[in-house]
>>> print(open('entry33.txt').read())   # compact mmCIF, C-alpha atoms
# COMPACT_ATOMS: atom_id res chain seq x y z
CA MET J 7 -0.18 -111.50 54.08
CA GLU J 8 2.81 -113.66 53.22
CA THR J 9 4.76 -110.94 51.45
CA PRO J 10 5.89 -108.38 54.05
CA SER J 11 6.42 -104.76 53.25
CA ASP J 12 10.06 -103.74 53.45
CA PHE J 13 12.58 -101.41 51.93
CA ALA J 14 14.91 -102.56 49.18
CA ARG J 15 17.40 -101.00 46.87
CA HIS J 16 18.02 -101.99 43.29
CA SER J 17 21.59 -103.24 43.02
CA PRO J 18 24.02 -101.22 40.86
CA PRO J 19 26.51 -102.89 38.51
CA ALA J 20 29.22 -104.88 40.27
CA ALA J 21 32.12 -102.77 41.50
CA GLY J 22 35.20 -102.82 39.33
CA THR J 23 33.43 -103.86 36.13
CA GLU J 24 34.38 -101.70 33.19
CA PRO J 25 31.83 -101.06 30.43
CA SER J 26 32.71 -102.40 27.01
CA VAL J 27 33.27 -100.15 24.02
CA ASP J 28 29.85 -101.13 22.68
CA GLU J 29 28.21 -100.24 25.99
CA VAL J 30 29.92 -96.86 26.06
CA GLU J 31 28.80 -96.16 22.50
CA ARG J 32 25.21 -97.21 23.26
CA ARG J 33 25.23 -95.01 26.33
CA ALA J 34 26.55 -92.02 24.40
CA ALA J 35 23.99 -92.56 21.64
CA PHE J 36 21.17 -92.74 24.19
CA LEU J 37 22.25 -89.56 25.98
CA GLY J 38 22.59 -87.79 22.63
CA TYR J 39 19.03 -88.79 21.78
CA VAL J 40 17.73 -87.56 25.14
CA ALA J 41 19.52 -84.22 24.72
CA HIS J 42 17.98 -83.78 21.27
CA GLU J 43 14.49 -84.70 22.52
CA VAL J 44 14.67 -82.16 25.34
CA ARG J 45 16.28 -79.42 23.27
CA ASN J 46 13.55 -79.27 20.61
CA PRO J 47 10.49 -78.57 22.83
CA LEU J 48 12.58 -76.38 25.12
CA SER J 49 13.59 -74.24 22.14
CA THR J 50 9.92 -73.99 21.16
CA ALA J 51 8.94 -72.92 24.68
CA LEU J 52 11.66 -70.26 24.79
CA TRP J 53 10.71 -68.92 21.38
CA THR J 54 6.99 -68.67 22.16
CA ALA J 55 7.70 -67.11 25.56
CA GLU J 56 9.90 -64.51 23.88
CA MET J 57 7.17 -63.74 21.37
CA LEU J 58 4.67 -63.27 24.17
CA VAL J 59 6.97 -60.87 26.00
CA ARG J 60 7.37 -58.74 22.88
CA MET J 61 3.65 -58.55 22.15
CA PRO J 62 1.56 -55.55 23.09
CA ALA J 63 -0.63 -56.33 26.09
CA GLU J 64 -3.84 -56.17 24.07
CA GLU J 65 -2.51 -58.65 21.48
CA ARG J 66 -1.15 -60.96 24.17
CA GLY J 67 -4.68 -61.32 25.52
CA GLY J 68 -6.12 -62.09 22.10
CA ALA J 69 -6.31 -65.15 19.88
CA ARG J 70 -2.63 -65.04 18.84
CA GLY J 71 -1.50 -64.73 22.44
CA ALA J 72 -3.70 -67.67 23.45
CA LYS J 73 -2.22 -69.78 20.65
CA LEU J 74 1.36 -69.02 21.70
CA THR J 75 0.52 -69.67 25.34
CA ALA J 76 -0.90 -73.08 24.41
CA MET J 77 2.22 -73.88 22.40
CA THR J 78 4.40 -72.94 25.36
CA LEU J 79 2.40 -75.13 27.71
CA ARG J 80 2.54 -78.14 25.38
CA ALA J 81 6.29 -77.76 24.90
CA LEU J 82 7.01 -77.41 28.62
CA THR J 83 4.76 -80.36 29.44
CA ARG J 84 6.73 -82.45 26.96
CA VAL J 85 10.02 -81.32 28.50
CA ARG J 86 8.79 -82.14 32.01
CA GLN J 87 7.80 -85.67 30.98
CA LEU J 88 11.13 -86.27 29.27
CA VAL J 89 13.10 -84.99 32.25
CA GLU J 90 11.10 -87.08 34.73
CA ASP J 91 11.53 -90.22 32.65
CA HIS J 92 15.21 -89.58 32.03
CA PHE J 93 16.10 -89.07 35.67
CA LEU J 94 14.14 -92.17 36.67
CA VAL J 95 16.16 -94.13 34.11
CA GLU J 96 19.37 -92.67 35.52
CA ARG J 97 18.48 -93.51 39.12
CA LEU J 98 17.53 -97.07 38.22
CA ASP J 99 20.73 -97.54 36.22
CA ALA J 100 22.75 -96.29 39.18
CA GLY J 101 20.91 -98.59 41.58
CA GLY J 102 20.26 -95.62 43.83
CA LEU J 103 16.49 -95.69 44.11
CA PRO J 104 15.07 -96.99 47.43
CA MET J 105 11.97 -99.11 46.98
CA ARG J 106 9.17 -100.05 49.35
CA LEU J 107 8.09 -103.54 48.35
CA GLU J 108 4.55 -104.59 49.16
CA ALA J 109 1.69 -106.64 47.78
CA ILE J 110 -0.24 -104.52 45.27
CA ALA J 111 -3.43 -105.48 43.45
CA LEU J 112 -2.92 -104.85 39.74
CA ALA J 113 -6.61 -104.06 39.27
CA ASP J 114 -6.25 -101.13 41.69
CA VAL J 115 -3.25 -99.73 39.80
CA VAL J 116 -5.00 -100.00 36.43
CA ALA J 117 -8.17 -98.42 37.85
CA GLU J 118 -6.15 -95.52 39.29
CA LEU J 119 -4.44 -94.89 35.96
CA ALA J 120 -7.75 -95.07 34.12
CA ALA J 121 -9.17 -92.50 36.56
CA ARG J 122 -6.31 -90.16 35.66
CA GLY J 123 -7.24 -90.39 32.00
CA VAL J 124 -4.30 -92.56 30.93
CA ALA J 125 -5.24 -94.50 27.76
CA PRO J 126 -8.94 -93.47 27.83
CA GLY J 127 -11.31 -96.10 26.50
CA ALA J 128 -8.87 -98.95 27.10
CA GLU J 129 -10.40 -102.43 27.34
CA ILE J 130 -9.46 -103.85 30.75
CA GLU J 131 -9.45 -107.49 31.86
CA VAL J 132 -7.53 -107.66 35.14
CA PRO J 133 -8.88 -110.07 37.80
CA ALA J 134 -9.34 -108.47 41.21
CA GLY J 135 -7.37 -111.23 42.99
CA LEU J 136 -4.07 -110.78 41.17
CA ALA J 137 -1.39 -109.01 43.19
CA VAL J 138 2.33 -108.48 42.64
CA VAL J 139 5.27 -107.67 44.89
CA ALA J 140 6.35 -104.20 43.85
CA ASP J 141 7.01 -100.60 44.79
CA ARG J 142 3.74 -98.81 44.03
CA MET J 143 5.26 -95.68 42.50
CA LEU J 144 7.51 -97.72 40.21
CA LEU J 145 4.71 -100.11 39.28
CA GLU J 146 2.43 -97.22 38.34
CA ARG J 147 5.19 -95.61 36.27
CA ALA J 148 5.85 -98.87 34.42
CA VAL J 149 2.20 -99.59 33.60
CA GLU J 150 1.58 -95.96 32.63
CA SER J 151 4.62 -96.09 30.35
CA LEU J 152 3.35 -99.23 28.62
CA LEU J 153 -0.05 -97.63 28.12
CA ALA J 154 1.63 -94.56 26.62
CA ALA J 155 3.66 -96.76 24.24
CA ALA J 156 0.58 -98.71 23.20
CA ALA J 157 -1.61 -95.63 22.69
CA VAL J 158 0.49 -94.11 19.90
CA ASP J 159 -1.65 -92.59 17.13
CA SER J 160 -4.81 -93.10 19.23
CA ALA J 161 -4.59 -96.89 18.87
CA ALA J 162 -7.20 -98.92 20.77
CA VAL J 163 -5.56 -100.26 23.93
CA ARG J 164 -6.25 -103.51 25.76
CA ILE J 165 -4.93 -104.45 29.21
CA GLU J 166 -5.12 -107.99 30.53
CA ALA J 167 -3.42 -109.90 33.34
CA ARG J 168 -2.93 -113.61 34.02
CA GLU J 169 -1.01 -115.61 36.59
CA ALA J 170 1.76 -117.93 35.47
CA ALA J 171 3.42 -120.00 38.21
CA ASP J 172 5.04 -117.51 40.60
CA ARG J 173 4.60 -114.60 38.19
CA VAL J 174 1.81 -112.30 37.12
CA ARG J 175 1.89 -111.31 33.46
CA LEU J 176 0.32 -107.99 32.53
CA ARG J 177 -0.13 -107.64 28.76
CA VAL J 178 -0.78 -104.33 27.03
CA THR J 179 -1.67 -104.22 23.34
CA GLY J 180 -2.36 -101.34 21.01
CA ALA J 181 0.00 -99.82 18.46
CA PRO J 182 2.29 -102.63 17.20
CA PRO J 183 5.76 -102.57 18.81
CA GLY J 184 8.63 -101.86 16.43
CA ALA J 185 11.46 -104.31 15.83
CA THR J 186 13.72 -102.42 18.26
CA ALA J 187 10.99 -101.37 20.69
CA LEU J 188 12.84 -102.54 23.80
CA GLU J 189 16.20 -101.08 22.84
CA ASP J 190 17.22 -97.67 24.15
CA PRO J 191 16.59 -95.01 21.47
CA ARG J 192 19.50 -93.36 19.72
CA LYS J 193 20.13 -90.88 16.93
CA GLY J 194 17.56 -91.48 14.22
CA SER J 195 14.98 -93.05 16.57
CA ALA J 196 11.49 -91.62 16.33
CA SER J 197 10.43 -88.68 18.49
CA ASP J 198 7.14 -88.51 20.37
CA ALA J 199 5.17 -85.27 20.41
CA ARG J 200 3.74 -86.23 23.82
CA GLY J 201 7.20 -86.45 25.37
CA ARG J 202 6.87 -90.22 25.88
CA SER J 203 9.84 -91.37 23.80
CA LEU J 204 11.50 -92.74 26.98
CA ALA J 205 8.42 -94.66 28.12
CA LEU J 206 9.74 -98.10 27.17
CA PRO J 207 13.25 -97.53 28.61
CA VAL J 208 11.50 -96.64 31.88
CA ALA J 209 9.22 -99.70 31.82
CA ARG J 210 12.06 -102.07 30.97
CA ARG J 211 14.27 -100.86 33.81
CA VAL J 212 11.44 -100.84 36.33
CA ALA J 213 10.59 -104.45 35.44
CA VAL J 214 14.18 -105.53 36.11
CA ALA J 215 14.43 -103.50 39.33
CA LEU J 216 11.29 -105.25 40.62
CA GLY J 217 12.66 -108.69 39.85
CA GLY J 218 10.75 -109.21 36.62
CA GLN J 219 11.15 -108.56 32.93
CA LEU J 220 9.55 -106.78 29.99
CA SER J 221 9.12 -108.51 26.66
CA VAL J 222 7.31 -108.15 23.36
CA GLU J 223 4.99 -111.08 22.64
CA ASP J 224 2.34 -111.52 19.97
CA GLY J 225 2.24 -107.84 19.11
CA GLY J 226 1.98 -106.57 22.68
CA TYR J 227 4.08 -105.62 25.68
CA VAL J 228 4.22 -108.12 28.55
CA ILE J 229 5.59 -107.21 31.96
CA ALA J 230 6.08 -110.22 34.24
CA LEU J 231 6.47 -109.54 37.97
CA PRO J 232 6.69 -111.68 41.12
CA ARG J 233 3.28 -112.72 42.34
CA ALA J 234 2.15 -111.73 45.85
CA TYR J 235 0.14 -114.33 47.72
CA THR J 236 -2.62 -112.63 49.69
CA PRO J 237 -5.83 -114.06 51.13
CA ALA J 238 -7.74 -112.47 48.25
CA ALA J 239 -5.50 -114.17 45.68
CA ARG J 240 -5.92 -117.72 47.03
>>> encode(input="entry33.txt", output="structure tokens")
Amino acid sequence: METPSDFARHSPPAAGTEPSVDEVERRAAFLGYVAHEVRNPLSTALWTAEMLVRMPAEERGGARGAKLTAMTLRALTRVRQLVEDHFLVERLDAGGLPMRLEAIALADVVAELAARGVAPGAEIEVPAGLAVVADRMLLERAVESLLAAAAVDSAAVRIEAREAADRVRLRVTGAPPGATALEDPRKGSASDARGRSLALPVARRVAVALGGQLSVEDGGYVIALPRAYTPAAR
């Protein structure tokens, strides 16, 4: 294998560089959006938990108790996803996330995500020989995030990969990307009841950290990453 496994660290911004006023404002708007997104489902979870505590035991075990329990679980699941995505964004922005770079077959990653039930029913066209140089955890998070973004409103999802020079381009189509899809959300940006409103900020930062990029092309999301040259890919 020509691409050795090693450890790398995404570089933080250059020391001594001061953010511009626009950057500070964008950052503040993004953090305000994140706080709002977390606060809403957390408030729901606290409210339903309080209702359950106040219920008589016999009612808690009935249909109303089951409904409130389900609401609590959905709200907390949404909070967990938001928190996980947010802290990954923060660690990537700070350049403080160690990465183990290795050659990874994209078909294996897509198959693993499909087995977990991510984007069920997605049409997949990923050649077995295509591999990229990446950190597996980050690659999985990026592809999963793109699938989540494409699967809005139960849209039919398609995943395809092609090689282009020294890059592999993975394209995910489904729900049409908005005009500002690759910008960080801010006040007024749409929420996501699944807790995936930070999916694209995660995917965009992971792509950069892995030496690639994320773009919107022809109504789909395209993540381009360095190609790994393995015996199977020749």
>>> atom_distance(input="entry33.txt", atom1="CA of Val115 (chain J)", atom2="CA of Leu145 (chain J)")
8.0 Å
>>> residues_around(input="entry33.txt", residues="Thr75 (chain J)", least_positions_apart="6", cutoff="9 Å", atoms="all atoms listed in the file", output="PyMOL selection string")
chain J and resi 54-55+58+66
>>> closest_residue(input="entry33.txt", among="J:Lys193, J:Arg173, J:Arg106, J:Lys73", to="Leu136 (chain J)", atoms="all atoms listed in the file")
J:Arg173
>>> residues_around(input="entry33.txt", residues="region 151-155 of chain J", least_positions_apart="2", cutoff="8 Å", atoms="only C-alpha atoms", output="compact mmCIF listing (two decimals) with C-alpha atoms, in the coordinates of the input")
# COMPACT_ATOMS: atom_id res chain seq x y z
CA VAL J 124 -4.30 -92.56 30.93
CA ALA J 125 -5.24 -94.50 27.76
CA ARG J 147 5.19 -95.61 36.27
CA ALA J 148 5.85 -98.87 34.42
CA VAL J 149 2.20 -99.59 33.60
CA ALA J 157 -1.61 -95.63 22.69
CA VAL J 158 0.49 -94.11 19.90
CA VAL J 163 -5.56 -100.26 23.93
CA VAL J 178 -0.78 -104.33 27.03
CA ALA J 181 0.00 -99.82 18.46
CA ARG J 202 6.87 -90.22 25.88
CA ALA J 205 8.42 -94.66 28.12
CA LEU J 206 9.74 -98.10 27.17
CA VAL J 208 11.50 -96.64 31.88
CA ALA J 209 9.22 -99.70 31.82
CA TYR J 227 4.08 -105.62 25.68
>>> axis_aligned_box(input="entry33.txt", around="region 49-67 of chain J", padding_each_side="4 Å", output="AutoDock Vina command-line options")
--center_x 4.5 --center_y -64.9 --center_z 23.6 --size_x 26.3 --size_y 26.7 --size_z 12.9
>>> atom_distance(input="entry33.txt", atom1="CA of Leu107 (chain J)", atom2="CA of Gly123 (chain J)")
26.0 Å
>>> atom_distance(input="entry33.txt", atom1="CA of Glu166 (chain J)", atom2="CA of Thr179 (chain J)")
8.8 Å
>>> closest_residue(input="entry33.txt", among="J:Gly102, J:Pro126, J:Gly194, J:Gly135", to="Gly38 (chain J)", atoms="all atoms listed in the file")
J:Gly194
>>> closest_residue(input="entry33.txt", among="J:Leu119, J:Leu103, J:Ile229, J:Leu88", to="Arg45 (chain J)", atoms="only C-alpha atoms")
J:Leu88
>>> closest_residue(input="entry33.txt", among="J:Gly217, J:Pro207, J:Pro232, J:Pro191", to="His92 (chain J)", atoms="all atoms listed in the file")
J:Pro207
>>> residues_around(input="entry33.txt", residues="Leu48 (chain J)", least_positions_apart="2", cutoff="12 Å", atoms="only C-alpha atoms", output="tab-separated table (two decimals) with C-alpha atoms, in the frame of the given file")
chain	number	residue	atom	x	y	z
J	41	ALA	CA	19.52	-84.22	24.72
J	42	HIS	CA	17.98	-83.78	21.27
J	43	GLU	CA	14.49	-84.70	22.52
J	44	VAL	CA	14.67	-82.16	25.34
J	45	ARG	CA	16.28	-79.42	23.27
J	46	ASN	CA	13.55	-79.27	20.61
J	50	THR	CA	9.92	-73.99	21.16
J	51	ALA	CA	8.94	-72.92	24.68
J	52	LEU	CA	11.66	-70.26	24.79
J	53	TRP	CA	10.71	-68.92	21.38
J	54	THR	CA	6.99	-68.67	22.16
J	55	ALA	CA	7.70	-67.11	25.56
J	77	MET	CA	2.22	-73.88	22.40
J	78	THR	CA	4.40	-72.94	25.36
J	79	LEU	CA	2.40	-75.13	27.71
J	80	ARG	CA	2.54	-78.14	25.38
J	81	ALA	CA	6.29	-77.76	24.90
J	82	LEU	CA	7.01	-77.41	28.62
J	83	THR	CA	4.76	-80.36	29.44
J	84	ARG	CA	6.73	-82.45	26.96
J	85	VAL	CA	10.02	-81.32	28.50
J	86	ARG	CA	8.79	-82.14	32.01
J	87	GLN	CA	7.80	-85.67	30.98
J	88	LEU	CA	11.13	-86.27	29.27
J	89	VAL	CA	13.10	-84.99	32.25
J	201	GLY	CA	7.20	-86.45	25.37
>>> build_atoms(input="entry33.txt", residues="region 87-108 of chain J", atoms="N, CA and C atoms", output="PDB file, keeping the file's coordinate frame")
ATOM      1  N   GLN J  87       7.933 -84.216  31.060  1.00  0.00           N
ATOM      2  CA  GLN J  87       7.800 -85.670  30.980  1.00  0.00           C
ATOM      3  C   GLN J  87       9.132 -86.318  30.627  1.00  0.00           C
ATOM      4  N   LEU J  88       9.834 -85.739  29.668  1.00  0.00           N
ATOM      5  CA  LEU J  88      11.130 -86.270  29.270  1.00  0.00           C
ATOM      6  C   LEU J  88      12.133 -86.236  30.414  1.00  0.00           C
ATOM      7  N   VAL J  89      12.159 -85.126  31.139  1.00  0.00           N
ATOM      8  CA  VAL J  89      13.100 -84.990  32.250  1.00  0.00           C
ATOM      9  C   VAL J  89      12.767 -85.986  33.357  1.00  0.00           C
ATOM     10  N   GLU J  90      11.494 -86.124  33.699  1.00  0.00           N
ATOM     11  CA  GLU J  90      11.100 -87.080  34.730  1.00  0.00           C
ATOM     12  C   GLU J  90      11.482 -88.499  34.342  1.00  0.00           C
ATOM     13  N   ASP J  91      11.198 -88.874  33.099  1.00  0.00           N
ATOM     14  CA  ASP J  91      11.530 -90.220  32.650  1.00  0.00           C
ATOM     15  C   ASP J  91      13.043 -90.429  32.618  1.00  0.00           C
ATOM     16  N   HIS J  92      13.762 -89.433  32.136  1.00  0.00           N
ATOM     17  CA  HIS J  92      15.210 -89.580  32.030  1.00  0.00           C
ATOM     18  C   HIS J  92      15.864 -89.759  33.393  1.00  0.00           C
ATOM     19  N   PHE J  93      15.470 -88.956  34.362  1.00  0.00           N
ATOM     20  CA  PHE J  93      16.100 -89.070  35.670  1.00  0.00           C
ATOM     21  C   PHE J  93      15.691 -90.353  36.393  1.00  0.00           C
ATOM     22  N   LEU J  94      14.504 -90.869  36.108  1.00  0.00           N
ATOM     23  CA  LEU J  94      14.140 -92.170  36.670  1.00  0.00           C
ATOM     24  C   LEU J  94      15.025 -93.259  36.066  1.00  0.00           C
ATOM     25  N   VAL J  95      15.250 -93.189  34.756  1.00  0.00           N
ATOM     26  CA  VAL J  95      16.160 -94.130  34.110  1.00  0.00           C
ATOM     27  C   VAL J  95      17.549 -94.057  34.734  1.00  0.00           C
ATOM     28  N   GLU J  96      18.040 -92.841  34.950  1.00  0.00           N
ATOM     29  CA  GLU J  96      19.370 -92.670  35.520  1.00  0.00           C
ATOM     30  C   GLU J  96      19.456 -93.251  36.931  1.00  0.00           C
ATOM     31  N   ARG J  97      18.448 -93.009  37.747  1.00  0.00           N
ATOM     32  CA  ARG J  97      18.480 -93.510  39.120  1.00  0.00           C
ATOM     33  C   ARG J  97      18.393 -95.033  39.152  1.00  0.00           C
ATOM     34  N   LEU J  98      17.609 -95.610  38.272  1.00  0.00           N
ATOM     35  CA  LEU J  98      17.530 -97.070  38.220  1.00  0.00           C
ATOM     36  C   LEU J  98      18.827 -97.671  37.716  1.00  0.00           C
ATOM     37  N   ASP J  99      19.440 -97.043  36.720  1.00  0.00           N
ATOM     38  CA  ASP J  99      20.730 -97.540  36.220  1.00  0.00           C
ATOM     39  C   ASP J  99      21.811 -97.477  37.288  1.00  0.00           C
ATOM     40  N   ALA J 100      21.743 -96.454  38.127  1.00  0.00           N
ATOM     41  CA  ALA J 100      22.750 -96.290  39.180  1.00  0.00           C
ATOM     42  C   ALA J 100      22.460 -97.159  40.398  1.00  0.00           C
ATOM     43  N   GLY J 101      21.278 -97.780  40.431  1.00  0.00           N
ATOM     44  CA  GLY J 101      20.910 -98.590  41.580  1.00  0.00           C
ATOM     45  C   GLY J 101      20.702 -97.778  42.833  1.00  0.00           C
ATOM     46  N   GLY J 102      20.362 -96.503  42.678  1.00  0.00           N
ATOM     47  CA  GLY J 102      20.260 -95.620  43.830  1.00  0.00           C
ATOM     48  C   GLY J 102      18.854 -95.217  44.189  1.00  0.00           C
ATOM     49  N   LEU J 103      17.879 -96.047  43.855  1.00  0.00           N
ATOM     50  CA  LEU J 103      16.490 -95.690  44.110  1.00  0.00           C
ATOM     51  C   LEU J 103      15.902 -96.617  45.179  1.00  0.00           C
ATOM     52  N   PRO J 104      15.690 -96.141  46.400  1.00  0.00           N
ATOM     53  CA  PRO J 104      15.070 -96.990  47.430  1.00  0.00           C
ATOM     54  C   PRO J 104      13.668 -97.391  47.018  1.00  0.00           C
ATOM     55  N   MET J 105      13.295 -98.615  47.351  1.00  0.00           N
ATOM     56  CA  MET J 105      11.970 -99.110  46.980  1.00  0.00           C
ATOM     57  C   MET J 105      11.271 -99.679  48.200  1.00  0.00           C
ATOM     58  N   ARG J 106       9.987 -99.432  48.307  1.00  0.00           N
ATOM     59  CA  ARG J 106       9.170-100.050  49.350  1.00  0.00           C
ATOM     60  C   ARG J 106       8.371-101.166  48.696  1.00  0.00           C
ATOM     61  N   LEU J 107       8.744-102.391  48.973  1.00  0.00           N
ATOM     62  CA  LEU J 107       8.090-103.540  48.350  1.00  0.00           C
ATOM     63  C   LEU J 107       6.885-103.960  49.178  1.00  0.00           C
ATOM     64  N   GLU J 108       5.783-104.173  48.490  1.00  0.00           N
ATOM     65  CA  GLU J 108       4.550-104.590  49.160  1.00  0.00           C
ATOM     66  C   GLU J 108       3.668-105.312  48.157  1.00  0.00           C
TER      67      GLU J 108
END
